[in-house]
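Text of my_file_7.csv, listed as CSV, C-alpha atoms and all ligand atoms:
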chain,number,residue,atom,x,y,z
Y,942,MET,CA,111.4,125.0,124.0
Y,943,ALA,CA,110.9,123.7,120.5
Y,944,ARG,CA,107.5,122.4,119.4
Y,945,PRO,CA,107.4,118.9,120.9
Y,946,LEU,CA,106.2,117.0,117.9
Y,947,VAL,CA,108.7,114.4,116.5
Y,948,ALA,CA,108.8,111.2,114.6
Y,949,ASP,CA,111.1,108.8,116.4
Y,950,ILE,CA,112.5,106.2,114.1
Y,951,ASP,CA,113.7,103.0,115.8
Y,952,LEU,CA,116.3,101.5,113.4
Y,953,ASP,CA,116.7,98.4,115.6
Y,954,ALA,CA,113.0,97.7,115.1
Y,955,LEU,CA,113.5,98.1,111.3
Y,956,ARG,CA,116.3,95.6,111.4
Y,957,HIS,CA,114.2,93.2,113.5
Y,958,ASN,CA,111.4,93.4,111.0
Y,959,TYR,CA,113.7,92.9,108.1
Y,960,ALA,CA,115.2,89.8,109.9
Y,961,LEU,CA,111.7,88.5,110.3
Y,962,ALA,CA,111.0,88.9,106.6
Y,963,ARG,CA,114.3,87.3,105.7
Y,964,GLY,CA,113.6,84.4,108.0
Y,965,LEU,CA,110.2,83.9,106.4
Y,966,ALA,CA,111.7,84.1,103.0
Y,967,GLY,CA,113.7,80.9,103.6
Y,968,ASP,CA,115.7,80.2,100.5
Y,969,SER,CA,114.3,83.2,98.6
Y,970,GLN,CA,116.2,86.5,98.7
Y,971,ALA,CA,114.5,89.4,100.5
Y,972,LEU,CA,114.9,92.8,99.1
Y,973,ALA,CA,113.7,95.8,101.1
Y,974,VAL,CA,111.1,98.2,99.6
Y,975,ILE,CA,112.1,101.7,100.6
Y,976,LYS,CA,110.2,103.8,98.1
Y,977,ALA,CA,108.3,106.9,99.1
Y,978,ASP,CA,111.2,107.8,101.4
Y,979,ALA,CA,111.0,104.4,103.1
Y,980,TYR,CA,107.2,104.9,103.7
Y,981,GLY,CA,107.9,108.2,105.4
Y,982,HIS,CA,110.7,106.9,107.6
Y,983,GLY,CA,113.7,108.4,105.6
Y,984,ALA,CA,115.1,106.2,102.8
Y,985,VAL,CA,118.8,107.0,103.3
Y,986,ALA,CA,118.8,106.5,107.0
Y,987,CYS,CA,116.8,103.2,106.7
Y,988,ALA,CA,118.9,101.9,103.8
Y,989,ARG,CA,122.1,102.7,105.8
Y,990,ALA,CA,120.7,100.9,108.9
Y,991,LEU,CA,119.9,97.8,106.8
Y,992,GLU,CA,123.1,98.0,104.6
Y,993,SER,CA,125.3,98.1,107.7
Y,994,LEU,CA,124.0,94.6,108.8
Y,995,PRO,CA,126.6,91.9,108.6
Y,996,GLU,CA,127.0,90.1,105.2
Y,997,GLY,CA,124.3,87.5,104.8
Y,998,GLU,CA,121.9,89.4,107.0
Y,999,ARG,CA,121.5,92.6,105.0
Y,1000,PRO,CA,119.2,93.0,102.1
Y,1001,PRO,CA,120.8,92.0,98.8
Y,1002,ALA,CA,118.9,94.8,97.1
Y,1003,PHE,CA,116.5,97.8,97.7
Y,1004,ALA,CA,113.5,98.7,95.7
Y,1005,VAL,CA,112.2,102.2,94.9
Y,1006,ALA,CA,109.6,103.7,92.6
Y,1007,CYS,CA,111.7,105.9,90.3
Y,1008,LEU,CA,115.1,107.1,89.3
Y,1009,GLU,CA,115.0,110.1,91.5
Y,1010,GLU,CA,114.6,108.0,94.6
Y,1011,ALA,CA,117.5,105.8,93.5
Y,1012,GLU,CA,119.7,108.8,92.9
Y,1013,ALA,CA,119.0,110.1,96.4
Y,1014,LEU,CA,120.1,106.8,97.8
Y,1015,ARG,CA,123.3,106.7,95.8
Y,1016,LEU,CA,124.0,110.3,96.9
Y,1017,GLY,CA,123.5,109.1,100.5
Y,1018,GLY,CA,126.2,106.5,99.9
Y,1019,ILE,CA,124.1,103.4,99.4
Y,1020,GLU,CA,126.0,101.0,97.2
Y,1021,SER,CA,123.7,98.0,97.1
Y,1022,PRO,CA,121.7,97.1,94.0
Y,1023,ILE,CA,118.5,99.2,93.7
Y,1024,VAL,CA,115.5,98.0,91.6
Y,1025,LEU,CA,113.2,100.6,89.9
Y,1026,LEU,CA,109.8,99.0,90.5
Y,1027,GLU,CA,108.2,100.9,87.6
Y,1028,GLY,CA,111.3,101.1,85.5
Y,1029,ILE,CA,112.0,104.3,83.5
Y,1030,PHE,CA,109.5,107.1,82.8
Y,1031,GLU,CA,111.4,108.3,79.7
Y,1032,ALA,CA,114.0,106.7,77.5
Y,1033,ALA,CA,116.6,109.3,78.4
Y,1034,GLU,CA,116.7,107.9,82.0
Y,1035,LEU,CA,118.5,104.7,80.7
Y,1036,ALA,CA,121.9,106.4,80.7
Y,1037,ARG,CA,121.5,107.2,84.4
Y,1038,VAL,CA,120.2,103.7,85.2
Y,1039,GLU,CA,123.3,102.3,83.7
Y,1040,ALA,CA,125.7,104.8,85.3
Y,1041,LEU,CA,124.2,104.2,88.7
Y,1042,GLY,CA,124.2,100.5,88.3
Y,1043,LEU,CA,120.5,100.1,88.8
Y,1044,TRP,CA,118.2,97.2,88.1
Y,1045,MET,CA,114.8,97.9,86.5
Y,1046,ALA,CA,111.4,96.6,85.8
Y,1047,VAL,CA,110.0,96.8,82.3
Y,1048,HIS,CA,106.3,96.9,82.1
Y,1049,SER,CA,105.4,98.2,78.7
Y,1050,GLU,CA,106.3,98.0,75.0
Y,1051,TRP,CA,107.8,101.5,74.8
Y,1052,GLN,CA,110.2,100.7,77.7
Y,1053,LEU,CA,111.2,97.5,76.0
Y,1054,GLN,CA,111.9,99.3,72.8
Y,1055,ALA,CA,114.0,101.9,74.7
Y,1056,LEU,CA,116.0,99.1,76.3
Y,1057,LEU,CA,116.6,97.3,73.0
Y,1058,GLU,CA,117.7,100.5,71.3
Y,1059,HIS,CA,120.0,101.5,74.3
Y,1060,ARG,CA,122.6,98.8,74.0
Y,1061,PRO,CA,124.3,99.2,77.4
Y,1062,ALA,CA,128.0,98.8,77.9
Y,1063,ARG,CA,127.5,96.8,81.0
Y,1064,PRO,CA,124.7,94.4,82.1
Y,1065,ILE,CA,121.4,95.9,83.4
Y,1066,PRO,CA,119.3,93.3,85.4
Y,1067,VAL,CA,115.8,93.6,84.0
Y,1068,TRP,CA,112.7,92.3,85.7
Y,1069,VAL,CA,109.8,91.7,83.3
Y,1070,LYS,CA,106.6,92.9,84.9
Y,1071,VAL,CA,103.6,90.7,84.2
Y,1072,ASP,CA,99.9,91.8,84.7
Y,1073,SER,CA,98.8,88.6,86.3
Y,1074,GLY,CA,95.5,90.1,87.5
Y,1075,MET,CA,96.2,93.4,89.3
Y,1076,HIS,CA,95.5,95.2,86.0
Y,1077,ARG,CA,97.7,98.1,86.8
Y,1078,LEU,CA,101.2,97.7,85.2
Y,1079,GLY,CA,102.7,94.8,83.2
Y,1080,PHE,CA,102.6,92.8,80.0
Y,1081,ALA,CA,99.7,90.4,79.5
Y,1082,PRO,CA,100.7,86.8,80.2
Y,1083,GLU,CA,100.4,85.9,76.5
Y,1084,GLN,CA,102.9,88.7,75.5
Y,1085,VAL,CA,105.5,87.6,78.0
Y,1086,GLU,CA,107.3,84.9,76.1
Y,1087,SER,CA,108.1,87.2,73.2
Y,1088,VAL,CA,109.2,90.0,75.6
Y,1089,TRP,CA,111.4,87.6,77.4
Y,1090,GLN,CA,113.0,86.3,74.2
Y,1091,ARG,CA,113.7,89.7,72.8
Y,1092,LEU,CA,115.5,90.7,76.0
Y,1093,ALA,CA,117.3,87.3,76.3
Y,1094,ALA,CA,118.8,87.9,72.9
Y,1095,VAL,CA,120.8,90.8,74.3
Y,1096,PRO,CA,123.7,89.5,76.4
Y,1097,GLU,CA,123.7,92.6,78.7
Y,1098,TYR,CA,120.0,91.9,79.6
Y,1099,ALA,CA,120.1,88.1,79.4
Y,1100,THR,CA,122.0,87.5,82.6
Y,1101,GLY,CA,119.7,89.3,85.2
Y,1102,LEU,CA,116.3,88.5,83.6
Y,1103,GLN,CA,113.5,87.8,86.0
Y,1104,LEU,CA,109.7,87.7,86.1
Y,1105,MET,CA,107.8,89.9,88.5
Y,1106,SER,CA,104.2,90.5,89.3
Y,1107,HIS,CA,102.1,92.1,92.1
Y,1108,PHE,CA,99.2,90.6,94.1
Y,1109,ALA,CA,95.9,92.4,94.4
Y,1110,THR,CA,94.6,90.4,97.4
Y,1111,ALA,CA,97.5,88.8,99.3
Y,1112,ASP,CA,96.3,90.5,102.5
Y,1113,ALA,CA,92.8,88.9,102.4
Y,1114,VAL,CA,91.8,85.7,104.1
Y,1115,ASP,CA,90.1,84.5,101.0
Y,1116,ALA,CA,92.8,83.0,98.8
Y,1117,GLY,CA,90.8,82.7,95.6
Y,1118,TYR,CA,92.1,85.5,93.4
Y,1119,PHE,CA,95.6,85.3,95.0
Y,1120,GLU,CA,95.8,81.6,93.8
Y,1121,THR,CA,94.6,82.6,90.3
Y,1122,GLN,CA,97.4,85.1,90.0
Y,1123,LEU,CA,100.0,82.7,91.5
Y,1124,GLU,CA,99.0,80.0,89.0
Y,1125,ARG,CA,99.4,82.3,86.0
Y,1126,MET,CA,102.9,83.3,87.2
Y,1127,ARG,CA,103.9,79.7,87.9
Y,1128,ASP,CA,102.9,78.6,84.4
Y,1129,LEU,CA,105.0,81.4,82.9
Y,1130,ALA,CA,108.0,80.7,85.1
Y,1131,GLN,CA,107.9,77.0,84.2
Y,1132,ARG,CA,107.7,77.6,80.5
Y,1133,LEU,CA,110.4,80.2,80.5
Y,1134,LYS,CA,112.5,78.6,83.2
Y,1135,ALA,CA,112.5,82.1,84.8
Y,1136,PRO,CA,113.1,83.2,88.4
Y,1137,LEU,CA,110.1,84.8,90.0
Y,1138,CYS,CA,109.6,87.8,92.3
Y,1139,LEU,CA,106.0,88.2,93.5
Y,1140,ALA,CA,105.6,88.5,97.2
Y,1141,ASN,CA,104.8,91.8,98.9
Y,1142,SER,CA,104.5,92.0,102.7
Y,1143,PRO,CA,101.3,90.0,103.1
Y,1144,ALA,CA,102.5,87.3,100.8
Y,1145,THR,CA,105.8,87.2,102.5
Y,1146,LEU,CA,104.0,86.7,105.8
Y,1147,ALA,CA,101.2,84.4,104.8
Y,1148,TRP,CA,101.8,82.7,101.5
Y,1149,PRO,CA,105.2,80.8,101.4
Y,1150,GLN,CA,104.2,79.1,98.2
Y,1151,SER,CA,104.5,82.5,96.5
Y,1152,HIS,CA,108.1,83.3,97.6
Y,1153,GLY,CA,109.9,82.4,94.4
Y,1154,SER,CA,113.5,83.6,94.0
Y,1155,TRP,CA,112.9,87.0,95.6
Y,1156,VAL,CA,110.3,88.5,98.0
Y,1157,ARG,CA,109.6,92.2,98.1
Y,1158,PRO,CA,108.3,93.3,101.5
Y,1159,GLY,CA,107.6,96.9,102.2
Y,1160,VAL,CA,105.1,97.9,104.9
Y,1161,MET,CA,106.0,95.1,107.2
Y,1162,LEU,CA,109.5,96.4,107.5
Y,1163,TYR,CA,108.1,99.4,109.2
Y,1164,GLY,CA,106.1,97.3,111.7
Y,1165,SER,CA,102.6,97.5,110.2
Y,1166,ASP,CA,100.7,94.3,109.9
Y,1167,PRO,CA,99.0,94.1,106.4
Y,1168,LEU,CA,97.1,90.9,107.0
Y,1169,GLU,CA,93.3,90.9,107.3
Y,1170,ARG,CA,93.8,88.2,109.9
Y,1171,PRO,CA,97.1,88.7,111.9
Y,1172,SER,CA,99.4,85.7,112.0
Y,1173,GLU,CA,101.8,84.4,114.6
Y,1174,ALA,CA,104.6,86.0,112.5
Y,1175,SER,CA,102.9,89.3,111.9
Y,1176,ARG,CA,102.3,89.7,115.7
Y,1177,ARG,CA,106.1,89.7,116.1
Y,1178,LEU,CA,106.5,92.9,114.0
Y,1179,GLN,CA,107.7,96.0,115.9
Y,1180,PRO,CA,106.7,99.6,115.2
Y,1181,VAL,CA,109.5,101.6,113.7
Y,1182,MET,CA,107.9,105.1,113.7
Y,1183,THR,CA,106.6,106.6,116.9
Y,1184,LEU,CA,104.8,109.9,116.3
Y,1185,ARG,CA,105.3,111.6,119.6
Y,1186,SER,CA,104.1,114.9,121.0
Y,1187,GLU,CA,103.1,116.5,124.3
Y,1188,ILE,CA,100.1,118.2,125.9
Y,1189,ILE,CA,100.5,122.0,125.4
Y,1190,ALA,CA,97.3,123.1,127.2
Y,1191,LEU,CA,94.5,121.7,129.4
Y,1192,ARG,CA,90.8,122.8,129.6
Y,1193,ASP,CA,88.1,121.8,132.1
Y,1194,LEU,CA,84.7,121.8,130.5
Y,1195,ALA,CA,81.2,121.6,131.9
Y,1196,GLU,CA,78.9,118.9,130.6
Y,1197,GLY,CA,77.5,119.8,127.1
Y,1198,GLU,CA,80.3,122.1,126.1
Y,1199,PRO,CA,81.6,121.6,122.5
Y,1200,VAL,CA,85.3,121.2,121.5
Y,1201,GLY,CA,87.0,122.3,118.3
Y,1202,TYR,CA,85.7,123.1,114.8
Y,1203,ALA,CA,81.9,122.6,114.4
Y,1204,GLY,CA,81.8,121.5,118.0
Y,1205,ARG,CA,81.8,117.9,116.8
Y,1206,TRP,CA,82.5,116.6,120.3
Y,1207,ARG,CA,80.4,117.6,123.2
Y,1208,ALA,CA,81.4,116.8,126.8
Y,1209,PRO,CA,79.1,114.0,127.9
Y,1210,ARG,CA,80.0,114.8,131.6
Y,1211,PRO,CA,82.3,117.4,133.2
Y,1212,SER,CA,85.5,116.7,131.2
Y,1213,ARG,CA,89.1,117.6,131.0
Y,1214,ILE,CA,90.5,118.2,127.5
Y,1215,ALA,CA,94.2,118.1,126.5
Y,1216,VAL,CA,95.4,120.1,123.6
Y,1217,VAL,CA,98.2,118.3,121.7
Y,1218,ALA,CA,100.8,119.7,119.3
Y,1219,CYS,CA,100.0,117.7,116.2
Y,1220,GLY,CA,97.5,118.3,113.4
Y,1221,TYR,CA,96.7,117.7,109.8
Y,1222,GLY,CA,99.4,120.2,108.9
Y,1223,ASP,CA,101.8,117.6,110.2
Y,1224,GLY,CA,100.2,114.8,108.3
Y,1225,TYR,CA,97.9,113.5,111.0
Y,1226,ASP,CA,94.7,112.4,109.3
Y,1227,ARG,CA,91.9,114.9,109.6
Y,1228,HIS,CA,89.4,112.0,109.2
Y,1229,ALA,CA,90.2,110.7,112.6
Y,1230,VAL,CA,86.8,110.2,114.3
Y,1231,ASP,CA,86.0,110.9,118.0
Y,1232,GLY,CA,87.3,107.8,119.8
Y,1233,THR,CA,90.5,107.4,117.7
Y,1234,PRO,CA,93.0,106.0,120.2
Y,1235,VAL,CA,95.9,108.1,121.6
Y,1236,LEU,CA,98.3,107.3,124.4
Y,1237,VAL,CA,98.7,109.9,127.1
Y,1238,ALA,CA,101.3,109.3,129.7
Y,1239,GLY,CA,101.2,105.6,128.6
Y,1240,ARG,CA,97.5,105.2,128.9
Y,1241,CYS,CA,95.0,104.8,126.2
Y,1242,THR,CA,92.4,107.5,125.6
Y,1243,ALA,CA,90.8,109.1,122.6
Y,1244,ILE,CA,90.5,112.0,120.2
Y,1245,ALA,CA,87.7,114.4,121.1
Y,1246,GLY,CA,86.8,116.9,118.4
Y,1247,LYS,CA,88.0,117.5,114.9
Y,1248,VAL,CA,91.7,117.6,114.1
Y,1249,SER,CA,93.0,121.1,113.5
Y,1250,MET,CA,96.0,122.1,111.3
Y,1251,ASP,CA,98.5,122.3,114.2
Y,1252,MET,CA,96.6,120.8,117.1
Y,1253,LEU,CA,94.3,118.0,118.2
Y,1254,THR,CA,92.2,117.5,121.3
Y,1255,VAL,CA,92.1,114.5,123.5
Y,1256,ASP,CA,89.8,113.5,126.4
Y,1257,VAL,CA,92.0,113.1,129.5
Y,1258,THR,CA,89.1,113.1,132.1
Y,1259,ASP,CA,90.2,109.7,133.3
Y,1260,ILE,CA,93.9,110.4,133.3
Y,1261,PRO,CA,94.4,112.7,136.4
Y,1262,GLU,CA,98.1,112.6,136.0
Y,1263,ALA,CA,98.0,114.3,132.6
Y,1264,ARG,CA,99.9,117.6,132.8
Y,1265,ILE,CA,101.2,120.2,130.3
Y,1266,GLY,CA,104.3,118.4,128.9
Y,1267,SER,CA,102.9,114.9,129.4
Y,1268,GLU,CA,103.9,112.5,126.6
Y,1269,VAL,CA,101.3,111.9,123.9
Y,1270,ILE,CA,101.8,109.1,121.4
Y,1271,LEU,CA,99.8,109.3,118.2
Y,1272,TRP,CA,101.1,105.9,117.1
Y,1273,GLY,CA,104.1,103.8,118.1
Y,1274,ARG,CA,105.7,103.0,121.4
Y,1275,SER,CA,105.3,105.0,124.6
Y,1276,ARG,CA,108.2,105.6,127.1
Y,1277,HIS,CA,105.9,103.8,129.5
Y,1278,GLY,CA,106.0,100.7,127.4
Y,1279,ALA,CA,102.5,100.7,125.9
Y,1280,VAL,CA,102.2,100.4,122.1
Y,1281,LEU,CA,99.6,101.9,119.8
Y,1282,SER,CA,99.6,100.4,116.4
Y,1283,VAL,CA,99.4,102.6,113.4
Y,1284,ASP,CA,97.0,100.0,111.9
Y,1285,GLU,CA,94.5,100.6,114.7
Y,1286,VAL,CA,94.8,104.4,114.2
Y,1287,ALA,CA,94.3,103.9,110.5
Y,1288,ARG,CA,91.1,101.9,111.0
Y,1289,HIS,CA,89.6,104.9,112.9
Y,1290,CYS,CA,90.6,107.2,110.1
Y,1291,ASP,CA,89.0,104.9,107.4
Y,1292,THR,CA,92.4,104.5,105.8
Y,1293,ILE,CA,95.5,102.2,105.8
Y,1294,SER,CA,98.8,102.5,107.6
Y,1295,TYR,CA,100.6,103.2,104.3
Y,1296,THR,CA,98.8,106.6,104.0
Y,1297,LEU,CA,99.4,107.6,107.6
Y,1298,LEU,CA,103.1,106.7,107.5
Y,1299,THR,CA,103.9,108.2,104.1
Y,1300,GLY,CA,101.7,111.2,105.0
Y,1301,VAL,CA,103.9,112.5,107.9
Y,1302,LEU,CA,105.0,115.9,106.5
Y,1303,PRO,CA,108.5,117.3,106.3
Y,1304,ARG,CA,107.9,119.8,109.1
Y,1305,VAL,CA,107.9,116.9,111.6
Y,1306,PRO,CA,111.6,116.2,112.4
Y,1307,ARG,CA,112.7,112.6,112.2
Y,1308,ARG,CA,114.9,111.5,115.1
Y,1309,TYR,CA,116.8,108.3,114.6
Y,1310,HIS,CA,117.7,105.8,117.2
Y,1311,GLY,CA,119.5,102.5,117.3
Y,1312,MET,CA,122.3,103.0,114.8
Y,1313,ALA,CA,125.6,101.4,115.7
Y,1314,ASP,CA,127.3,104.8,115.5
Y,1315,PRO,CA,127.1,106.6,118.8
Y,1316,GLY,CA,124.7,109.5,119.4
Y,1317,THR,CA,121.3,110.3,117.9
Y,1318,LEU,CA,120.9,111.6,114.4
Y,1319,VAL,CA,118.3,114.3,114.2
Y,1320,MET,CA,117.1,115.2,110.7
Y,1321,ASN,CA,114.9,118.2,110.5
Y,1322,ARG,CA,113.4,118.0,107.0
Y,1323,THR,CA,111.7,121.4,106.7
J,1401,LIG,C1,105.5,96.6,92.9
J,1401,LIG,C2,105.4,96.6,94.4
J,1401,LIG,N1,106.1,95.7,95.1
J,1401,LIG,C3,106.1,95.6,96.4
J,1401,LIG,C4,105.5,96.5,97.2
J,1401,LIG,C5,105.5,96.4,98.7
J,1401,LIG,O1,104.2,96.2,99.2
J,1401,LIG,P1,103.9,96.1,100.7
J,1401,LIG,O2,104.2,97.5,101.3
J,1401,LIG,O3,102.5,95.8,100.8
J,1401,LIG,O4,104.8,95.0,101.2
J,1401,LIG,C6,104.7,97.5,96.5
J,1401,LIG,C7,104.0,98.5,97.3
J,1401,LIG,O5,103.2,99.3,96.9
J,1401,LIG,C8,104.7,97.6,95.1
J,1401,LIG,O6,104.0,98.5,94.5
Show how you would write the structure in this file as structure tokens.
Amino acid sequence: MARPLVADIDLDALRHNYALARGLAGDSQALAVIKADAYGHGAVACARALESLPEGERPPAFAVACLEEAEALRLGGIESPIVLLEGIFEAAELARVEALGLWMAVHSEWQLQALLEHRPARPIPVWVKVDSGMHRLGFAPEQVESVWQRLAAVPEYATGLQLMSHFATADAVDAGYFETQLERMRDLAQRLKAPLCLANSPATLAWPQSHGSWVRPGVMLYGSDPLERPSEASRRLQPVMTLRSEIIALRDLAEGEPVGYAGRWRAPRPSRIAVVACGYGDGYDRHAVDGTPVLVAGRCTAIAGKVSMDMLTVDVTDIPEARIGSEVILWGRSRHGAVLSVDEVARHCDTISYTLLTGVLPRVPRRYHGMADPGTLVMNRT
């Protein structure tokens, strides 16, 4: 029997979450952010699942971080528009941007120069990225008018021009800084009569006043709730990835016996420990503390001892039905119906869902479910 660790990807849940985002977006268009291999879920499979939705229900565009990610999607047969959220990394990429029919952000002077010198044979929709307060990428607000006018003077860029910016604190309950950023962008949009794309997942979920002409949800599509305080809408998100394994060994330990490296966990009573096929060599976070939740045979229990490269250990003293071969859910949905959110696991690892999801390593096979085509697509990515 093969090693039992697998990442099950529920494409119906992905579509459900996208429909939720689209519904929240109202009159705004909702692109789907599928960078970083769709946050670890497999970009081509996710894009196909979304692109095959009926007209009017599918994303009008996808977004990725770089040209290589867009090329992989085109190779995978994805024909929808794709936005490069960071634009190009060198001027030579512009020829490929044009050939592949991509859209791109422009965030700095050298990119702008490259665009102005390129003179494309067909339109390239360009999204002018503004640093409204994140202080990561983008033109300062006072530079934007001139950038906009220089691009608007080129017919091939003038048609698809748009302003974009990124929020630093849209997930927080305190709206102070979010509103400062939003105000700066509204001012610019009004002056330039420009369409706006601002909202990431938390803003899509919680700040309708920021929706503009496009929203740009990412992590919510995969079922993670980015909000500091969950909302009625965010509670309707469904987990897309289930990281599933099995018990491969059981140990009965006397009170006081240590488990794993450095003996971090010691049995507080006579205990039964299950060894699970999943470790940091698969991308499971080594910072998981004792007490990090795990589902065994549909019941919630906890990590006991440090995570190893290929294994981790779980206290199953109170789960007498646990056997070798019992289902173990590291996050996602159990066959028994229980759900363990990746957000909750992330809190126990002092991290965020984004790192856990993008961190699942290629040696974990992705197994896709829920596509309209019959059968299950198994992709082993090692
Ligand atoms: C520019 C940009 N837009 C949108 C997103 C999507 O953000 P989220 O996953 O929080 O929805 C990201 C994610 O990092 C981003 O960098």
Pick out the residues no farther than 10 Å from ligand LIG 1401 (chain J), counting all atoms listed in the file, and list them as an NGL selection string.
:Y and (972-977 or 979-980 or 1004-1006 or 1025-1027 or 1046 or 1070 or 1077-1078 or 1105-1109 or 1111-1112 or 1138-1146 or 1156-1163 or 1165-1168 or 1294-1295)
Could you list, as a PyMOL selection string, every residue within 10 Å of Ala1040 in chain Y, counting all atoms listed in the file and ignoring same-chain residues fewer than 3 positions away?
chain Y and resi 1035-1037+1043+1061-1063
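In this structure, CA of Val985 in chain Y sits 5.9 Å away from CA of Gly1017 in chain Y.
Shortest separation to Val1280 in chain Y among Y:Cys1219, Y:Pro1306, Y:Val1248, Y:Thr1183 occurs at residue Y:Thr1183, atoms counted being all atoms listed in the file.
Here CA of Ala1116 in chain Y stands at a distance of 25.6 Å from CA of His1048 in chain Y.
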So, counting all atoms listed in the file, which residue among Y:Asp1226, Y:Glu1020, Y:Glu1012, Y:Asp1072 is closest to Pro1000 in chain Y?
Y:Glu1020
Skip Gly1220 in chain Y itself and residues of its chain fewer than 2 positions away, then list as a VMD selection string all residues within 10 Å of it, counting all atoms listed in the file.
chain Y and resid 946 1217 to 1218 1222 to 1227 1247 to 1254
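With distances restricted to all atoms listed in the file, Y:Ser993 is the closest residue to Gly1018 in chain Y from Y:Thr1233, Y:Ser993, Y:Ser1172, Y:Gln1103.
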Near Gln1084 in chain Y, counting only C-alpha atoms, which residues have an atom at most 12 Å away, once you skip same-chain residues fewer than 4 positions from it, shown as JSON, numbers by chain?
{"Y": [1048, 1049, 1050, 1069, 1070, 1071, 1072, 1073, 1079, 1080, 1088, 1089, 1090, 1091, 1129]}
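Between CA of Pro945 in chain Y and CA of Gly1204 in chain Y lies a distance of 25.9 Å.
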Closest-contact table, range 1164-1247 of chain Y side, partner range 1260-1279 of chain Y, 9 Å, counting all atoms listed in the file, as a Markdown table:
| residue | atom | partner | partner_atom | distance |
| --- | --- | --- | --- | --- |
| Y:Gln1179 | CA | Y:Gly1273 | CA | 8.9 |
| Y:Pro1180 | CA | Y:Gly1273 | CA | 5.7 |
| Y:Val1181 | CA | Y:Gly1273 | CA | 7.3 |
| Y:Met1182 | CA | Y:Gly1273 | CA | 6.0 |
| Y:Thr1183 | CA | Y:Gly1273 | CA | 3.9 |
| Y:Leu1184 | CA | Y:Leu1271 | CA | 5.4 |
| Y:Arg1185 | CA | Y:Ile1270 | CA | 4.7 |
| Y:Ser1186 | CA | Y:Val1269 | CA | 5.0 |
| Y:Glu1187 | CA | Y:Glu1268 | CA | 4.7 |
| Y:Ile1188 | CA | Y:Ile1265 | CA | 5.0 |
| Y:Ile1189 | CA | Y:Ile1265 | CA | 5.3 |
| Y:Ala1190 | CA | Y:Ile1265 | CA | 5.8 |
| Y:Leu1191 | CA | Y:Ile1265 | CA | 6.9 |
| Y:Arg1213 | CA | Y:Ile1260 | CA | 9.0 |
| Y:Ala1215 | CA | Y:Ala1263 | CA | 8.1 |
| Y:Val1216 | CA | Y:Ile1265 | CA | 8.9 |
| Y:Val1217 | CA | Y:Val1269 | CA | 7.4 |
| Y:Cys1219 | CA | Y:Leu1271 | CA | 8.6 |
| Y:Tyr1225 | CA | Y:Leu1271 | CA | 8.5 |
| Y:Pro1234 | CA | Y:Leu1271 | CA | 7.8 |
| Y:Val1235 | CA | Y:Leu1271 | CA | 5.3 |
| Y:Leu1236 | CA | Y:Ile1270 | CA | 4.9 |
| Y:Val1237 | CA | Y:Val1269 | CA | 4.6 |
| Y:Ala1238 | CA | Y:Glu1268 | CA | 5.2 |
| Y:Gly1239 | CA | Y:His1277 | CA | 5.1 |
| Y:Arg1240 | CA | Y:Ala1279 | CA | 7.4 |
| Y:Cys1241 | CA | Y:Ala1279 | CA | 8.6 |
| Y:Thr1242 | CA | Y:Ile1260 | CA | 8.4 |
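Using all atoms listed in the file, the shortest contact distance between Met1045 in chain Y and any of Y:Leu1008, Y:Leu955, Y:Leu1057, Y:Leu1133 is found at Y:Leu1008.
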Residue neighbourhood Ile1293 in chain Y, 9 Å, only C-alpha atoms, exclusion window fewer than 6 positions, as a list in words:
Pro1167, Val1283, Asp1284, Val1286 and Ala1287 of chain Y
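Considering the residues Y:Trp1051, Y:Glu1196, Y:Arg1060, Y:Val1024 and counting all atoms listed in the file, Gly1101 in chain Y has its shortest atom-to-atom contact with Y:Val1024.
Distance check against Tyr1098 in chain Y using only C-alpha atoms: of Y:Leu1297, Y:Met1075, Y:Leu1041, Y:Leu1053, the minimum falls on Y:Leu1053.
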